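Report on the following structure.
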Amino acid sequence: MTASAGSVLCPPGWTGIVVLGGAALVTVPEAGLVGPVRRALTGCLGEDGVDLARLSERLEVREVLGPATLAYLDADEFVPCHVGVDVERLAVGDRDVSGLVAGVDERDADESGLEEVGSGVWVVREGGDVVAAAGYRTWSGVAAHLSVLTAGEFRGRGLGRVVASAAVADALGEGLLPQWRARPEASRRVARALGFRELGSQVSLRVER
């Protein structure tokens with residue numbers, strides 16, 4: 001466990017917990033929370049993640065984000081998606097991508113993290129408008145954290161899988177390990193279709209100081 005105000009595991013001021021293969025990485029926003037959080041987590045962590053019910057009995061948790069699954073993909077497990085849809089690569093911050101983000105529910109936009117990617121953005125258009133997009137952030141020079149977003153009225157048509165496939169292919173070409181974080185089952189299905197395997201979980205907590 002470490003104190004890190006700028007941790008990428010969670011929003012600023014929150015506590016982030018990642019569980020992979022029975023091991024846990026925990027960050028708290030300030031040193032004063034290290035002891036209380038460590039004591040509260042004793043007996044609440046397992047290979048399947050955090051037992052939030054037990055944790056809430058030991059720690060004053062004001063808000064929770066998650067839990068979400070964490071899935072990973074090796075190059076030889078990748079199942080590319082080619083469905084005859086034209087995919088275009090745009091630069092980060094392109095106004096057409098910003099238009100997609102602005103046009104969806106704020107919670108969906110925040111969940112996708114699309115505005116935080118550092119790669120290019122792979123998109124599909126409909127009538128000139130971007131209706132699906134994907135990119136990734138590089139973590140510690142090793143992992144490519146995927147961000148995928150589809151306009152509400154175009155979901156269920158496989159477009160998220162198409163743009164995600166393009167982003168994954170680029171990440172693998174850069175020698176990175178693709179990582180997929182998901183809460184909704186629909187997002188988890190897209191990841192599994194591309195060959196991702198769920199290996200852990202992540203949860204963020206806003207803890208009462």
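Ligands are numbered from 1 in the order shown, residues from 1 within each chain, and chains are lettered A, B, ... in the order they appear in the structure tokens.
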
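Proximity to region 67-71 of chain A at 7 Å, evaluated using only C-alpha atoms and with sequence-adjacent residues fewer than 2 positions away removed, yields Leu65, Gln179, Trp180, Arg181, Ala182, Arg183, Phe196, Arg197, Glu198, Leu199, Gly200, Ser201, Gln202 and Val203 of chain A.
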
Please, could you write that set of residues out with N, CA and C atoms as a short mmCIF file (atom, residue, chain, number, x, y, z; two decimals), in the first residue's frame?
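So result37.cif came out as:
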```cif
data_model
loop_
_atom_site.label_atom_id
_atom_site.label_comp_id
_atom_site.auth_asym_id
_atom_site.auth_seq_id
_atom_site.Cartn_x
_atom_site.Cartn_y
_atom_site.Cartn_z
N LEU A 65 -16.94 3.50 -6.63
CA LEU A 65 -16.95 3.32 -8.08
C LEU A 65 -16.49 1.90 -8.37
N GLN A 179 -5.19 -3.74 -21.85
CA GLN A 179 -5.97 -3.91 -20.62
C GLN A 179 -7.37 -3.34 -20.84
N TRP A 180 -8.38 -4.10 -20.40
CA TRP A 180 -9.77 -3.69 -20.58
C TRP A 180 -10.44 -3.66 -19.21
N ARG A 181 -10.96 -2.49 -18.84
CA ARG A 181 -11.67 -2.33 -17.58
C ARG A 181 -13.16 -2.17 -17.89
N ALA A 182 -14.01 -2.96 -17.24
CA ALA A 182 -15.43 -2.89 -17.57
C ALA A 182 -16.30 -3.20 -16.37
N ARG A 183 -17.41 -2.48 -16.29
CA ARG A 183 -18.47 -2.82 -15.34
C ARG A 183 -19.69 -3.40 -16.05
N PHE A 196 -9.95 -11.16 -24.85
CA PHE A 196 -9.51 -10.79 -23.51
C PHE A 196 -9.94 -11.83 -22.48
N ARG A 197 -9.12 -12.00 -21.45
CA ARG A 197 -9.43 -12.88 -20.32
C ARG A 197 -9.50 -12.05 -19.05
N GLU A 198 -10.56 -12.25 -18.28
CA GLU A 198 -10.73 -11.52 -17.03
C GLU A 198 -9.84 -12.13 -15.95
N LEU A 199 -8.94 -11.31 -15.42
CA LEU A 199 -7.95 -11.81 -14.47
C LEU A 199 -7.97 -11.09 -13.13
N GLY A 200 -8.78 -10.05 -13.00
CA GLY A 200 -8.78 -9.31 -11.75
C GLY A 200 -9.92 -8.33 -11.68
N SER A 201 -9.84 -7.43 -10.69
CA SER A 201 -10.89 -6.45 -10.51
C SER A 201 -10.31 -5.16 -9.94
N GLN A 202 -11.09 -4.09 -10.05
CA GLN A 202 -10.67 -2.78 -9.56
C GLN A 202 -11.87 -2.10 -8.91
N VAL A 203 -11.61 -1.41 -7.81
CA VAL A 203 -12.66 -0.63 -7.15
C VAL A 203 -12.02 0.63 -6.60
#
```

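Using only C-alpha atoms, the nearest neighbour of Ser98 (chain A) within the list A:Val142, A:Val131, A:Leu25, A:Ala75 is A:Val131.
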
Review point. Could you pull out the strand (DSSP E or B) residues of region 9-106 of chain A from DSSP and send them as a PyMOL selection string?
Key: chain A and resi 15-20+23-28+45-46+49-50+61-72+88-90

Those residues with N, CA and C atoms, as a PDB file, in the first residue's frame please?
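Output contents, as saved in selection_29.pdb:
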```pdb
ATOM      1  N   THR A  15      -9.383   6.323  -2.778  1.00  0.00           N
ATOM      2  CA  THR A  15      -8.548   5.147  -2.547  1.00  0.00           C
ATOM      3  C   THR A  15      -8.788   4.160  -3.678  1.00  0.00           C
ATOM      4  N   GLY A  16      -7.717   3.673  -4.295  1.00  0.00           N
ATOM      5  CA  GLY A  16      -7.836   2.726  -5.403  1.00  0.00           C
ATOM      6  C   GLY A  16      -7.316   1.354  -5.020  1.00  0.00           C
ATOM      7  N   ILE A  17      -8.058   0.330  -5.398  1.00  0.00           N
ATOM      8  CA  ILE A  17      -7.680  -1.053  -5.089  1.00  0.00           C
ATOM      9  C   ILE A  17      -7.758  -1.886  -6.366  1.00  0.00           C
ATOM     10  N   VAL A  18      -6.655  -2.524  -6.718  1.00  0.00           N
ATOM     11  CA  VAL A  18      -6.609  -3.449  -7.849  1.00  0.00           C
ATOM     12  C   VAL A  18      -6.204  -4.819  -7.320  1.00  0.00           C
ATOM     13  N   VAL A  19      -6.989  -5.842  -7.669  1.00  0.00           N
ATOM     14  CA  VAL A  19      -6.694  -7.213  -7.259  1.00  0.00           C
ATOM     15  C   VAL A  19      -6.444  -8.051  -8.508  1.00  0.00           C
ATOM     16  N   LEU A  20      -5.260  -8.672  -8.561  1.00  0.00           N
ATOM     17  CA  LEU A  20      -4.888  -9.535  -9.678  1.00  0.00           C
ATOM     18  C   LEU A  20      -4.252 -10.806  -9.133  1.00  0.00           C
ATOM     19  N   ALA A  23      -3.216 -11.043  -5.461  1.00  0.00           N
ATOM     20  CA  ALA A  23      -2.371  -9.958  -4.953  1.00  0.00           C
ATOM     21  C   ALA A  23      -3.102  -8.635  -5.143  1.00  0.00           C
ATOM     22  N   ALA A  24      -2.860  -7.699  -4.231  1.00  0.00           N
ATOM     23  CA  ALA A  24      -3.565  -6.419  -4.282  1.00  0.00           C
ATOM     24  C   ALA A  24      -2.595  -5.252  -4.310  1.00  0.00           C
ATOM     25  N   LEU A  25      -2.920  -4.252  -5.121  1.00  0.00           N
ATOM     26  CA  LEU A  25      -2.217  -2.979  -5.139  1.00  0.00           C
ATOM     27  C   LEU A  25      -3.202  -1.926  -4.657  1.00  0.00           C
ATOM     28  N   VAL A  26      -2.817  -1.204  -3.595  1.00  0.00           N
ATOM     29  CA  VAL A  26      -3.720  -0.236  -2.979  1.00  0.00           C
ATOM     30  C   VAL A  26      -3.017   1.112  -2.881  1.00  0.00           C
ATOM     31  N   THR A  27      -3.708   2.175  -3.311  1.00  0.00           N
ATOM     32  CA  THR A  27      -3.185   3.529  -3.138  1.00  0.00           C
ATOM     33  C   THR A  27      -4.217   4.355  -2.382  1.00  0.00           C
ATOM     34  N   VAL A  28      -3.728   5.199  -1.474  1.00  0.00           N
ATOM     35  CA  VAL A  28      -4.581   6.131  -0.734  1.00  0.00           C
ATOM     36  C   VAL A  28      -4.086   7.539  -1.033  1.00  0.00           C
ATOM     37  N   LEU A  45     -10.125  -8.943   1.339  1.00  0.00           N
ATOM     38  CA  LEU A  45      -9.576  -9.114   0.000  1.00  0.00           C
ATOM     39  C   LEU A  45      -9.487 -10.587  -0.357  1.00  0.00           C
ATOM     40  N   GLY A  46      -9.801 -10.899  -1.605  1.00  0.00           N
ATOM     41  CA  GLY A  46      -9.670 -12.255  -2.108  1.00  0.00           C
ATOM     42  C   GLY A  46      -9.377 -12.220  -3.591  1.00  0.00           C
ATOM     43  N   GLY A  49     -11.692 -10.135  -5.599  1.00  0.00           N
ATOM     44  CA  GLY A  49     -11.764  -8.694  -5.370  1.00  0.00           C
ATOM     45  C   GLY A  49     -12.007  -8.355  -3.919  1.00  0.00           C
ATOM     46  N   VAL A  50     -12.740  -7.254  -3.695  1.00  0.00           N
ATOM     47  CA  VAL A  50     -12.981  -6.731  -2.358  1.00  0.00           C
ATOM     48  C   VAL A  50     -14.398  -7.070  -1.917  1.00  0.00           C
ATOM     49  N   VAL A  61     -17.010   4.489   4.258  1.00  0.00           N
ATOM     50  CA  VAL A  61     -16.914   4.691   2.816  1.00  0.00           C
ATOM     51  C   VAL A  61     -18.085   5.553   2.365  1.00  0.00           C
ATOM     52  N   ARG A  62     -17.777   6.704   1.786  1.00  0.00           N
ATOM     53  CA  ARG A  62     -18.830   7.644   1.387  1.00  0.00           C
ATOM     54  C   ARG A  62     -19.348   7.379  -0.021  1.00  0.00           C
ATOM     55  N   GLU A  63     -18.497   6.836  -0.875  1.00  0.00           N
ATOM     56  CA  GLU A  63     -18.902   6.615  -2.263  1.00  0.00           C
ATOM     57  C   GLU A  63     -18.036   5.503  -2.853  1.00  0.00           C
ATOM     58  N   VAL A  64     -18.604   4.742  -3.785  1.00  0.00           N
ATOM     59  CA  VAL A  64     -17.897   3.622  -4.408  1.00  0.00           C
ATOM     60  C   VAL A  64     -18.035   3.711  -5.922  1.00  0.00           C
ATOM     61  N   LEU A  65     -16.941   3.496  -6.630  1.00  0.00           N
ATOM     62  CA  LEU A  65     -16.953   3.319  -8.080  1.00  0.00           C
ATOM     63  C   LEU A  65     -16.492   1.901  -8.366  1.00  0.00           C
ATOM     64  N   GLY A  66     -17.360   1.104  -8.969  1.00  0.00           N
ATOM     65  CA  GLY A  66     -17.010  -0.282  -9.225  1.00  0.00           C
ATOM     66  C   GLY A  66     -17.835  -1.203  -8.342  1.00  0.00           C
ATOM     67  N   PRO A  67     -17.385  -2.432  -8.206  1.00  0.00           N
ATOM     68  CA  PRO A  67     -16.142  -2.953  -8.801  1.00  0.00           C
ATOM     69  C   PRO A  67     -16.273  -3.169 -10.309  1.00  0.00           C
ATOM     70  N   ALA A  68     -15.118  -3.166 -10.958  1.00  0.00           N
ATOM     71  CA  ALA A  68     -15.040  -3.434 -12.390  1.00  0.00           C
ATOM     72  C   ALA A  68     -14.060  -4.564 -12.630  1.00  0.00           C
ATOM     73  N   THR A  69     -14.296  -5.331 -13.682  1.00  0.00           N
ATOM     74  CA  THR A  69     -13.359  -6.402 -14.024  1.00  0.00           C
ATOM     75  C   THR A  69     -12.175  -5.832 -14.797  1.00  0.00           C
ATOM     76  N   LEU A  70     -11.036  -6.491 -14.671  1.00  0.00           N
ATOM     77  CA  LEU A  70      -9.839  -6.168 -15.432  1.00  0.00           C
ATOM     78  C   LEU A  70      -9.500  -7.373 -16.288  1.00  0.00           C
ATOM     79  N   ALA A  71      -9.399  -7.156 -17.592  1.00  0.00           N
ATOM     80  CA  ALA A  71      -9.118  -8.243 -18.533  1.00  0.00           C
ATOM     81  C   ALA A  71      -7.893  -7.885 -19.359  1.00  0.00           C
ATOM     82  N   TYR A  72      -7.162  -8.923 -19.784  1.00  0.00           N
ATOM     83  CA  TYR A  72      -5.909  -8.726 -20.512  1.00  0.00           C
ATOM     84  C   TYR A  72      -5.852  -9.640 -21.725  1.00  0.00           C
ATOM     85  N   GLU A  88     -11.407   4.843 -39.352  1.00  0.00           N
ATOM     86  CA  GLU A  88     -10.528   5.985 -39.594  1.00  0.00           C
ATOM     87  C   GLU A  88      -9.765   6.310 -38.318  1.00  0.00           C
ATOM     88  N   ARG A  89      -8.514   6.716 -38.454  1.00  0.00           N
ATOM     89  CA  ARG A  89      -7.736   7.130 -37.288  1.00  0.00           C
ATOM     90  C   ARG A  89      -7.684   8.652 -37.227  1.00  0.00           C
ATOM     91  N   LEU A  90      -8.060   9.199 -36.071  1.00  0.00           N
ATOM     92  CA  LEU A  90      -8.026  10.644 -35.846  1.00  0.00           C
ATOM     93  C   LEU A  90      -7.025  10.972 -34.741  1.00  0.00           C
TER      94      LEU A  90
END
```

Practice item. Can you pull out every residue within 12 Å of region 137-141 of chain A, counting only C-alpha atoms, but drop anything in the same chain fewer than 6 positions away, and send it as an MDAnalysis selection string? Key: chainID A and resid 7:9 92 112:121 147:148 167:168 170:172 174:180

Review point. Which parts of region 60-208 of chain A does DSSP call alpha helix (DSSP H) when run on the backbone here, written out as a VMD selection string?
Key: chain A and resid 95 to 102 106 to 112 159 to 173 185 to 194

Would you output that residue set with N, CA and C atoms, as a tab-separated table (two decimals), in the first residue's frame?
```tsv
chain	number	residue	atom	x	y	z
A	95	ARG	N	-12.12	17.40	-33.05
A	95	ARG	CA	-13.44	17.93	-32.68
A	95	ARG	C	-14.56	16.93	-32.95
A	96	ASP	N	-14.37	16.03	-33.92
A	96	ASP	CA	-15.42	15.05	-34.19
A	96	ASP	C	-15.50	14.02	-33.06
A	97	VAL	N	-14.36	13.69	-32.46
A	97	VAL	CA	-14.37	12.80	-31.28
A	97	VAL	C	-15.00	13.52	-30.10
A	98	SER	N	-14.66	14.80	-29.94
A	98	SER	CA	-15.26	15.59	-28.86
A	98	SER	C	-16.77	15.68	-29.02
A	99	GLY	N	-17.23	15.71	-30.27
A	99	GLY	CA	-18.66	15.75	-30.51
A	99	GLY	C	-19.36	14.48	-30.06
A	100	LEU	N	-18.70	13.32	-30.26
A	100	LEU	CA	-19.26	12.06	-29.77
A	100	LEU	C	-19.36	12.07	-28.26
A	101	VAL	N	-18.29	12.50	-27.60
A	101	VAL	CA	-18.27	12.52	-26.13
A	101	VAL	C	-19.36	13.45	-25.59
A	102	ALA	N	-19.52	14.60	-26.22
A	102	ALA	CA	-20.52	15.57	-25.76
A	102	ALA	C	-21.94	15.08	-25.97
A	106	GLU	N	-23.27	11.83	-19.53
A	106	GLU	CA	-22.01	12.20	-18.87
A	106	GLU	C	-21.36	11.01	-18.17
A	107	ARG	N	-22.18	10.14	-17.57
A	107	ARG	CA	-21.62	8.97	-16.89
A	107	ARG	C	-20.96	8.02	-17.88
A	108	ASP	N	-21.56	7.87	-19.06
A	108	ASP	CA	-20.95	7.02	-20.08
A	108	ASP	C	-19.64	7.61	-20.57
A	109	ALA	N	-19.62	8.93	-20.74
A	109	ALA	CA	-18.39	9.58	-21.18
A	109	ALA	C	-17.28	9.42	-20.17
A	110	ASP	N	-17.61	9.60	-18.88
A	110	ASP	CA	-16.61	9.44	-17.83
A	110	ASP	C	-16.14	8.00	-17.73
A	111	GLU	N	-17.06	7.06	-17.85
A	111	GLU	CA	-16.71	5.63	-17.77
A	111	GLU	C	-15.77	5.24	-18.89
A	112	SER	N	-15.96	5.80	-20.07
A	112	SER	CA	-15.13	5.42	-21.21
A	112	SER	C	-13.70	5.93	-21.07
A	159	LEU	N	-20.17	-1.97	-33.43
A	159	LEU	CA	-19.23	-0.92	-33.80
A	159	LEU	C	-18.15	-0.71	-32.74
A	160	GLY	N	-18.52	-0.88	-31.46
A	160	GLY	CA	-17.52	-0.78	-30.40
A	160	GLY	C	-16.44	-1.82	-30.56
A	161	ARG	N	-16.85	-3.01	-30.94
A	161	ARG	CA	-15.87	-4.09	-31.16
A	161	ARG	C	-14.95	-3.76	-32.33
A	162	VAL	N	-15.49	-3.14	-33.38
A	162	VAL	CA	-14.69	-2.80	-34.55
A	162	VAL	C	-13.60	-1.79	-34.19
A	163	VAL	N	-13.97	-0.69	-33.52
A	163	VAL	CA	-12.98	0.34	-33.19
A	163	VAL	C	-12.02	-0.15	-32.12
A	164	ALA	N	-12.52	-0.95	-31.18
A	164	ALA	CA	-11.63	-1.50	-30.15
A	164	ALA	C	-10.60	-2.43	-30.77
A	165	SER	N	-11.02	-3.21	-31.75
A	165	SER	CA	-10.10	-4.12	-32.43
A	165	SER	C	-8.95	-3.35	-33.06
A	166	ALA	N	-9.25	-2.22	-33.68
A	166	ALA	CA	-8.21	-1.41	-34.30
A	166	ALA	C	-7.24	-0.85	-33.27
A	167	ALA	N	-7.78	-0.40	-32.12
A	167	ALA	CA	-6.93	0.13	-31.06
A	167	ALA	C	-6.06	-0.96	-30.45
A	168	VAL	N	-6.63	-2.14	-30.25
A	168	VAL	CA	-5.86	-3.26	-29.70
A	168	VAL	C	-4.73	-3.65	-30.64
A	169	ALA	N	-5.04	-3.72	-31.93
A	169	ALA	CA	-4.00	-4.08	-32.91
A	169	ALA	C	-2.83	-3.10	-32.85
A	170	ASP	N	-3.13	-1.82	-32.71
A	170	ASP	CA	-2.07	-0.82	-32.62
A	170	ASP	C	-1.26	-1.00	-31.34
A	171	ALA	N	-1.93	-1.23	-30.22
A	171	ALA	CA	-1.24	-1.41	-28.94
A	171	ALA	C	-0.31	-2.62	-28.99
A	172	LEU	N	-0.79	-3.72	-29.57
A	172	LEU	CA	0.06	-4.91	-29.69
A	172	LEU	C	1.26	-4.63	-30.59
A	173	GLY	N	1.03	-3.86	-31.64
A	173	GLY	CA	2.13	-3.49	-32.54
A	173	GLY	C	3.18	-2.64	-31.86
A	185	GLU	N	-22.04	-5.53	-18.43
A	185	GLU	CA	-21.86	-6.83	-19.08
A	185	GLU	C	-21.66	-6.68	-20.58
A	186	ALA	N	-22.30	-5.69	-21.20
A	186	ALA	CA	-22.14	-5.50	-22.64
A	186	ALA	C	-20.68	-5.21	-22.99
A	187	SER	N	-20.02	-4.41	-22.18
A	187	SER	CA	-18.61	-4.11	-22.41
A	187	SER	C	-17.75	-5.34	-22.19
A	188	ARG	N	-18.09	-6.13	-21.20
A	188	ARG	CA	-17.33	-7.36	-20.93
A	188	ARG	C	-17.47	-8.35	-22.09
A	189	ARG	N	-18.65	-8.38	-22.71
A	189	ARG	CA	-18.85	-9.28	-23.85
A	189	ARG	C	-17.99	-8.87	-25.03
A	190	VAL	N	-17.86	-7.56	-25.26
A	190	VAL	CA	-17.01	-7.08	-26.35
A	190	VAL	C	-15.57	-7.52	-26.11
A	191	ALA	N	-15.10	-7.34	-24.87
A	191	ALA	CA	-13.72	-7.72	-24.55
A	191	ALA	C	-13.50	-9.21	-24.77
A	192	ARG	N	-14.42	-10.03	-24.30
A	192	ARG	CA	-14.27	-11.48	-24.47
A	192	ARG	C	-14.26	-11.87	-25.94
A	193	ALA	N	-15.07	-11.19	-26.74
A	193	ALA	CA	-15.12	-11.50	-28.18
A	193	ALA	C	-13.79	-11.22	-28.86
A	194	LEU	N	-13.03	-10.26	-28.33
A	194	LEU	CA	-11.72	-9.93	-28.91
A	194	LEU	C	-10.60	-10.82	-28.37
```

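Among the candidates A:Gly158, A:Ala53, A:Gly103, A:Glu30, the residue lying nearest to Val124 (chain A) is A:Gly158 (atoms considered: only C-alpha atoms).
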
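Closest approach to Glu60 (chain A) among A:Gly135, A:Pro80, A:Pro29, A:Pro36 is made by A:Pro36 (distances from only C-alpha atoms).
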